[in-house]
$ cat upload_2.txt   # compact mmCIF, C-alpha atoms
# COMPACT_ATOMS: atom_id res chain seq x y z
CA MET Z 1293 97.08 131.33 101.36
CA LYS Z 1294 95.80 129.52 104.40
CA ASN Z 1295 95.72 126.07 102.80
CA ASP Z 1296 99.21 126.49 101.45
CA VAL Z 1297 98.31 125.93 97.77
CA ARG Z 1298 100.92 127.37 95.40
CA CYS Z 1299 99.37 129.71 92.80
CA TYR Z 1300 102.35 129.98 90.44
CA SER Z 1301 101.29 128.01 87.31
CA PRO Z 1302 98.40 129.42 85.19
CA PRO Z 1303 95.91 126.60 86.03
CA ALA Z 1304 96.77 126.84 89.72
CA PHE Z 1305 96.41 130.62 89.54
CA ILE Z 1306 92.88 130.28 88.13
CA LEU Z 1307 91.99 127.75 90.84
CA CYS Z 1308 93.35 130.15 93.45
CA ILE Z 1309 91.21 132.99 92.12
CA ILE Z 1310 88.13 130.73 92.23
CA ALA Z 1311 89.01 129.65 95.79
CA LEU Z 1312 89.40 133.28 96.86
CA LEU Z 1313 86.07 134.26 95.29
CA LEU Z 1314 84.27 131.34 96.96
CA SER Z 1315 85.86 132.23 100.27
CA ALA Z 1316 84.83 135.90 99.93
CA HIS Z 1317 81.31 134.78 99.02
CA ALA Z 1318 81.09 132.54 102.12
CA LEU Z 1319 82.36 135.38 104.32
CA ALA Z 1320 79.79 137.81 102.91
CA ARG Z 1321 77.03 135.23 103.47
CA GLU Z 1322 78.12 134.66 107.08
CA LYS Z 1323 78.22 138.43 107.69
CA ARG Z 1324 74.54 138.71 106.76
CA GLN Z 1325 73.46 136.08 109.29
CA MET Z 1326 71.16 137.05 112.14
CA VAL Z 1327 72.08 135.26 115.37
CA ARG Z 1328 70.06 135.41 118.56
CA LEU Z 1329 69.47 133.72 121.88
CA ALA Z 1330 65.85 133.36 122.99
CA LYS Z 1331 65.43 132.72 126.73
CA ILE Z 1332 62.02 131.41 127.65
CA ALA Z 1333 60.45 130.59 131.02
CA VAL Z 1334 57.45 128.29 130.69
CA ASP Z 1335 54.53 127.77 133.07
CA SER Z 1336 55.29 124.35 134.61
CA ALA Z 1337 51.63 123.31 134.28
CA HIS Z 1338 51.96 123.49 130.49
CA LEU Z 1339 55.57 122.38 130.01
CA GLU Z 1340 54.92 119.19 128.03
CA SER Z 1341 52.37 120.85 125.71
CA TYR Z 1342 54.73 123.77 125.22
CA LYS Z 1343 57.65 121.49 124.31
CA ASP Z 1344 55.47 119.55 121.85
CA LEU Z 1345 54.42 122.77 120.10
CA LEU Z 1346 57.97 124.14 120.04
CA THR Z 1347 59.37 120.86 118.68
CA GLU Z 1348 56.77 120.84 115.90
CA GLU Z 1349 57.55 124.46 115.05
CA ILE Z 1350 61.33 123.91 115.01
CA GLU Z 1351 61.11 120.80 112.81
CA ALA Z 1352 58.82 122.54 110.32
CA SER Z 1353 60.94 125.71 110.22
CA VAL Z 1354 64.22 123.92 109.60
CA ARG Z 1355 62.67 121.56 107.04
CA LEU Z 1356 60.63 124.10 105.08
CA GLU Z 1357 62.61 127.35 105.34
CA PRO Z 1358 66.04 127.46 103.67
CA GLY Z 1359 66.79 130.70 105.57
CA VAL Z 1360 66.32 129.13 109.01
CA LEU Z 1361 69.82 127.75 109.53
CA THR Z 1362 69.15 126.35 112.98
CA LEU Z 1363 66.87 126.57 115.98
CA TYR Z 1364 68.84 124.65 118.60
CA ALA Z 1365 66.67 124.51 121.73
CA VAL Z 1366 67.78 123.24 125.12
CA ALA Z 1367 66.02 122.88 128.47
CA GLU Z 1368 68.13 123.28 131.61
CA LYS Z 1369 68.44 120.00 133.51
CA GLU Z 1370 68.14 121.77 136.88
CA HIS Z 1371 65.30 124.06 135.77
CA PRO Z 1372 63.43 122.24 132.98
CA THR Z 1373 61.00 125.16 132.56
CA HIS Z 1374 63.93 127.37 131.49
CA LEU Z 1375 64.65 126.99 127.79
CA THR Z 1376 67.22 128.66 125.56
CA ILE Z 1377 67.12 128.63 121.77
CA LEU Z 1378 70.13 129.43 119.61
CA GLU Z 1379 68.50 130.94 116.53
CA ILE Z 1380 70.47 131.43 113.30
CA TYR Z 1381 68.82 132.95 110.22
CA ALA Z 1382 70.51 133.49 106.85
CA ASP Z 1383 69.62 137.22 107.07
CA THR Z 1384 66.94 139.52 108.47
CA ALA Z 1385 64.74 138.89 105.41
CA ALA Z 1386 64.72 135.16 106.22
CA TYR Z 1387 63.73 136.02 109.79
CA LYS Z 1388 60.87 138.25 108.62
CA THR Z 1389 59.63 135.49 106.30
CA HIS Z 1390 59.80 133.03 109.21
CA LEU Z 1391 57.52 135.22 111.34
CA GLN Z 1392 54.81 134.97 108.70
CA THR Z 1393 54.81 131.21 108.24
CA LEU Z 1394 51.79 129.19 109.33
CA HIS Z 1395 53.89 126.94 111.58
CA PHE Z 1396 55.39 129.94 113.44
CA ILE Z 1397 51.98 131.60 113.86
CA LYS Z 1398 50.49 128.31 115.11
CA TYR Z 1399 53.30 128.02 117.70
CA LYS Z 1400 53.09 131.67 118.76
CA THR Z 1401 49.33 131.74 119.25
CA GLY Z 1402 49.20 128.21 120.69
CA THR Z 1403 51.81 128.92 123.39
CA LYS Z 1404 50.80 132.50 124.30
CA GLU Z 1405 49.29 131.50 127.64
CA MET Z 1406 52.11 129.03 128.44
CA VAL Z 1407 55.06 131.43 128.31
CA LYS Z 1408 55.85 133.29 131.55
CA SER Z 1409 58.70 135.35 130.11
CA LEU Z 1410 60.62 135.75 126.87
CA GLU Z 1411 63.96 137.51 126.42
CA LEU Z 1412 65.41 137.97 122.94
CA ILE Z 1413 69.16 138.67 122.91
CA ALA Z 1414 70.81 139.77 119.67
CA ALA Z 1415 74.28 138.27 119.43
CA ASP Z 1416 77.46 138.08 117.36
CA PRO Z 1417 78.99 134.66 116.71
CA LEU Z 1418 82.65 134.32 117.63
CA VAL Z 1419 83.37 131.83 114.82
CA PRO Z 1420 80.84 132.52 112.04
CA GLY Z 1421 80.17 129.49 109.90
CA MET Z 1422 80.59 127.10 112.83
CA LYS Z 1423 78.56 123.91 112.30
CA ILE Z 1424 77.40 120.94 114.35
CA LYS Z 1425 79.12 117.70 113.30
CA MET D 609 57.50 103.86 108.50
CA LYS D 610 58.08 107.58 108.59
CA ASN D 611 59.48 107.81 105.04
CA ASP D 612 56.63 105.74 103.64
CA VAL D 613 58.84 103.02 102.12
CA ARG D 614 56.91 99.77 101.58
CA CYS D 615 58.71 96.76 103.11
CA TYR D 616 56.70 93.98 101.44
CA SER D 617 59.20 92.45 98.93
CA PRO D 618 62.27 90.60 100.31
CA PRO D 619 64.86 93.18 99.05
CA ALA D 620 62.74 96.06 100.40
CA PHE D 621 62.34 94.18 103.68
CA ILE D 622 66.12 93.89 104.04
CA LEU D 623 66.54 97.60 103.24
CA CYS D 624 63.89 98.43 105.84
CA ILE D 625 65.72 96.39 108.49
CA ILE D 626 68.98 98.22 107.64
CA ALA D 627 67.18 101.60 107.79
CA LEU D 628 65.69 100.72 111.18
CA LEU D 629 69.08 99.62 112.54
CA LEU D 630 70.75 102.80 111.29
CA SER D 631 68.00 104.90 112.80
CA ALA D 632 68.28 103.08 116.16
CA HIS D 633 72.06 103.57 116.04
CA ALA D 634 71.66 107.33 115.39
CA LEU D 635 69.17 107.61 118.25
CA ALA D 636 71.51 105.79 120.65
CA ARG D 637 74.39 108.05 119.58
CA GLU D 638 72.29 111.19 120.14
CA LYS D 639 71.20 109.92 123.58
CA ARG D 640 74.85 109.73 124.69
CA GLN D 641 75.56 113.38 123.76
CA MET D 642 76.53 115.84 126.48
CA VAL D 643 74.97 119.27 125.91
CA ARG D 644 75.73 122.34 127.96
CA LEU D 645 75.51 126.12 128.02
CA ALA D 646 78.54 127.97 129.34
CA LYS D 647 77.82 131.56 130.41
CA ILE D 648 80.91 133.67 130.78
CA ALA D 649 81.40 137.27 131.92
CA VAL D 650 84.74 138.69 130.82
CA ASP D 651 86.73 141.57 132.27
CA SER D 652 86.22 144.36 129.70
CA ALA D 653 89.90 145.33 129.91
CA HIS D 654 90.82 141.92 128.46
CA LEU D 655 87.90 141.30 126.11
CA GLU D 656 89.83 141.22 122.83
CA SER D 657 92.61 138.97 124.19
CA TYR D 658 89.99 136.69 125.71
CA LYS D 659 88.09 136.40 122.43
CA ASP D 660 91.31 135.64 120.53
CA LEU D 661 92.21 132.84 122.95
CA LEU D 662 88.67 131.40 122.92
CA THR D 663 88.51 131.51 119.11
CA GLU D 664 91.84 129.67 118.87
CA GLU D 665 90.66 127.06 121.38
CA ILE D 666 87.30 126.52 119.63
CA GLU D 667 88.88 126.15 116.19
CA ALA D 668 91.46 123.65 117.46
CA SER D 669 88.89 121.63 119.44
CA VAL D 670 86.44 121.26 116.57
CA ARG D 671 89.21 120.50 114.06
CA LEU D 672 91.23 118.05 116.16
CA GLU D 673 88.65 116.32 118.38
CA PRO D 674 86.02 114.14 116.68
CA GLY D 675 84.04 114.09 119.94
CA VAL D 676 83.66 117.88 120.10
CA LEU D 677 80.54 118.25 117.95
CA THR D 678 80.30 122.01 118.32
CA LEU D 679 81.35 124.95 120.44
CA TYR D 680 79.05 127.70 119.17
CA ALA D 681 80.04 130.89 121.00
CA VAL D 682 78.16 134.18 120.87
CA ALA D 683 78.72 137.59 122.46
CA GLU D 684 75.66 139.67 123.32
CA LYS D 685 75.40 142.78 121.14
CA GLU D 686 74.18 144.90 124.09
CA HIS D 687 76.69 143.44 126.56
CA PRO D 688 79.72 142.29 124.54
CA THR D 689 81.49 141.05 127.68
CA HIS D 690 78.70 138.48 128.19
CA LEU D 691 79.35 135.34 126.18
CA THR D 692 77.39 132.11 125.87
CA ILE D 693 78.75 128.89 124.39
CA LEU D 694 76.54 126.05 123.24
CA GLU D 695 78.77 123.03 123.86
CA ILE D 696 77.93 119.62 122.37
CA TYR D 697 80.15 116.62 123.00
CA ALA D 698 79.62 113.10 121.59
CA ASP D 699 79.59 111.75 125.16
CA THR D 700 81.10 112.39 128.58
CA ALA D 701 84.28 110.51 127.60
CA ALA D 702 84.81 112.98 124.71
CA TYR D 703 84.35 115.85 127.18
CA LYS D 704 86.91 114.37 129.58
CA THR D 705 89.39 113.93 126.72
CA HIS D 706 88.76 117.56 125.69
CA LEU D 707 89.71 118.81 129.18
CA GLN D 708 93.13 117.21 128.82
CA THR D 709 94.06 118.61 125.41
CA LEU D 710 96.90 121.10 125.11
CA HIS D 711 94.66 123.68 123.38
CA PHE D 712 92.07 123.55 126.18
CA ILE D 713 94.71 123.81 128.90
CA LYS D 714 96.33 126.75 127.07
CA TYR D 715 92.94 128.54 126.90
CA LYS D 716 92.02 127.75 130.51
CA THR D 717 95.30 128.92 132.00
CA GLY D 718 95.67 131.85 129.59
CA THR D 719 92.23 133.30 130.39
CA LYS D 720 92.12 132.59 134.14
CA GLU D 721 92.61 136.24 135.09
CA MET D 722 90.25 137.51 132.36
CA VAL D 723 87.08 135.66 133.38
CA LYS D 724 84.90 137.38 135.98
CA SER D 725 82.33 134.60 136.22
CA LEU D 726 81.57 131.24 134.65
CA GLU D 727 78.30 129.35 134.89
CA LEU D 728 78.02 125.84 133.43
CA ILE D 729 74.44 124.72 132.78
CA ALA D 730 73.76 121.08 131.91
CA ALA D 731 70.97 120.88 129.35
CA ASP D 732 68.79 118.54 127.32
CA PRO D 733 68.29 119.28 123.62
CA LEU D 734 64.68 119.46 122.47
CA VAL D 735 65.48 118.09 119.01
CA PRO D 736 68.58 115.90 119.35
CA GLY D 737 70.54 115.63 116.14
CA MET D 738 69.66 119.20 115.09
CA LYS D 739 72.36 120.65 112.83
CA ILE D 740 73.36 124.05 111.47
CA LYS D 741 72.80 124.32 107.70
$ encode --input "upload_2.txt" --output "C-alpha cells"
Amino acid sequence: MKNDVRCYSPPAFILCIIALLLSAHALAREKRQMVRLAKIAVDSAHLESYKDLLTEEIEASVRLEPGVLTLYAVAEKEHPTHLTILEIYADTAAYKTHLQTLHFIKYKTGTKEMVKSLELIAADPLVPGMKIK
Amino acid sequence: MKNDVRCYSPPAFILCIIALLLSAHALAREKRQMVRLAKIAVDSAHLESYKDLLTEEIEASVRLEPGVLTLYAVAEKEHPTHLTILEIYADTAAYKTHLQTLHFIKYKTGTKEMVKSLELIAADPLVPGMKIK
C-alpha cells in the first residue's frame, strides 16, 4: 500500500480494508466530477458591473450548492476584460441543478448584454482531487 | 459585522477584535498571492510522457512546498495536447523558491523538447481565498 501500513494482524487487516474502500469511494467520486474552463470576454463599458454580478453568483453558488466544488475566476492583468473560470461540479446532475438556481439565472440574464463572447471548454483534470491550500 | 455577532459585552468585544484581526490577516495574506494561468501546447508524440512528468512535478510541489497553494492542471477534452494550469503561490518569494526545487528543475529540463508553446498569463482572482471543496 502507498502509505506503507502493514496489514498482517487482524485489526490492521480490517483497517486496511476500510482504507481501501474509502480510497475507492474517493476515486469513484472524483471520476464523476465535471471540470470545465469558461473563457469570457466582457464589454469594457460594463466590466465593473459584470464583475460584481459574477462575484455575487460565485459566492452564492459555492455557499448554497454542495455540488459546486469551485468556481475559481481570474481576470488577466494585461487584458482585464478577459476572464477565465475554472469550474468544478461534483457531477453533471450538480451542474444541471446549478443552471436552475435563482442566483445563476439572475447572473445569466443580468449579464447577457455585457458578455462579448463565451467559450466553454470541457476538460480532464491531471490530478483529480487537487485542492487549494 | 458580517456574521452578526454583537460586540457589546467586554468578552464579546475582545472576541470581535480578535475576529477582525484574523480577518485582516487573511485579507493581507490573500493580497500577497501570485495567481497565474499557464497555457501549454504539447507535442502529441510525447503527450503521455509529458503528462507523467507534469503530474509528478505537481504532486511533489504541492506536498513539499507550503507556498505552492495549488497547481490545478487540465487537458482540453477536444484538444488533449492543450493544457492549462491554474497556479496559485502564497507570494512571489514562494514562486521563486519553487523555481529552484529539484522537482521543478527535473520537470523543466525533462519536458523541454516536448513543449511546443508556453504562455504565462498573470491574473487577478475575482474571489481571493476561494477553495475547492
$ residues_around --input "upload_2.txt" --residues "Z:Glu1349" --least-positions-apart "5" --cutoff "9 Å" --atoms "all atoms listed in the file" --output "PyMOL selection string"
chain Z and resi 1344+1354+1395-1396+1398-1399
$ interface_residues --input "upload_2.txt" --of "chain Z" --to "chain D" --cutoff "6 Å" --atoms "only C-alpha atoms" --output "list in words"
Leu1361, Thr1362, Ala1365, Val1366, Ala1367, Glu1368, Lys1369, Ala1414, Ala1415, Asp1416, Pro1417, Leu1418, Lys1423, Ile1424 and Lys1425 of chain Z
$ atom_distance --input "upload_2.txt" --atom1 "atom CA of Z:Tyr1387" --atom2 "atom CA of Z:Met1326"
7.9 Å
$ residues_around --input "upload_2.txt" --residues "stretch 716-720 of chain D" --least-positions-apart "3" --cutoff "9 Å" --atoms "only C-alpha atoms" --output "compact mmCIF listing (two decimals) with C-alpha atoms, in the frame of the given file"
# COMPACT_ATOMS: atom_id res chain seq x y z
CA HIS D 654 90.82 141.92 128.46
CA SER D 657 92.61 138.97 124.19
CA TYR D 658 89.99 136.69 125.71
CA LEU D 661 92.21 132.84 122.95
CA LEU D 662 88.67 131.40 122.92
CA HIS D 711 94.66 123.68 123.38
CA PHE D 712 92.07 123.55 126.18
CA ILE D 713 94.71 123.81 128.90
CA VAL D 723 87.08 135.66 133.38
CA LYS D 724 84.90 137.38 135.98
$ residues_around --input "upload_2.txt" --residues "D:Thr705" --least-positions-apart "4" --cutoff "9 Å" --atoms "only C-alpha atoms" --output "ChimeraX atom specification"
/D:673,675,700-701,709
$ atom_distance --input "upload_2.txt" --atom1 "atom CA of D:His633" --atom2 "atom CA of Z:Arg1355"
22.2 Å
$ atom_distance --input "upload_2.txt" --atom1 "atom CA of Z:Ser1353" --atom2 "atom CA of Z:Gln1325"
16.3 Å
$ axis_aligned_box --input "upload_2.txt" --around "stretch 1394-1403 of chain Z" --padding-each-side "4 Å" --output "JSON"
{"center_x": 52.3, "center_y": 129.3, "center_z": 116.4, "size_x": 14.2, "size_y": 12.8, "size_z": 22.1}
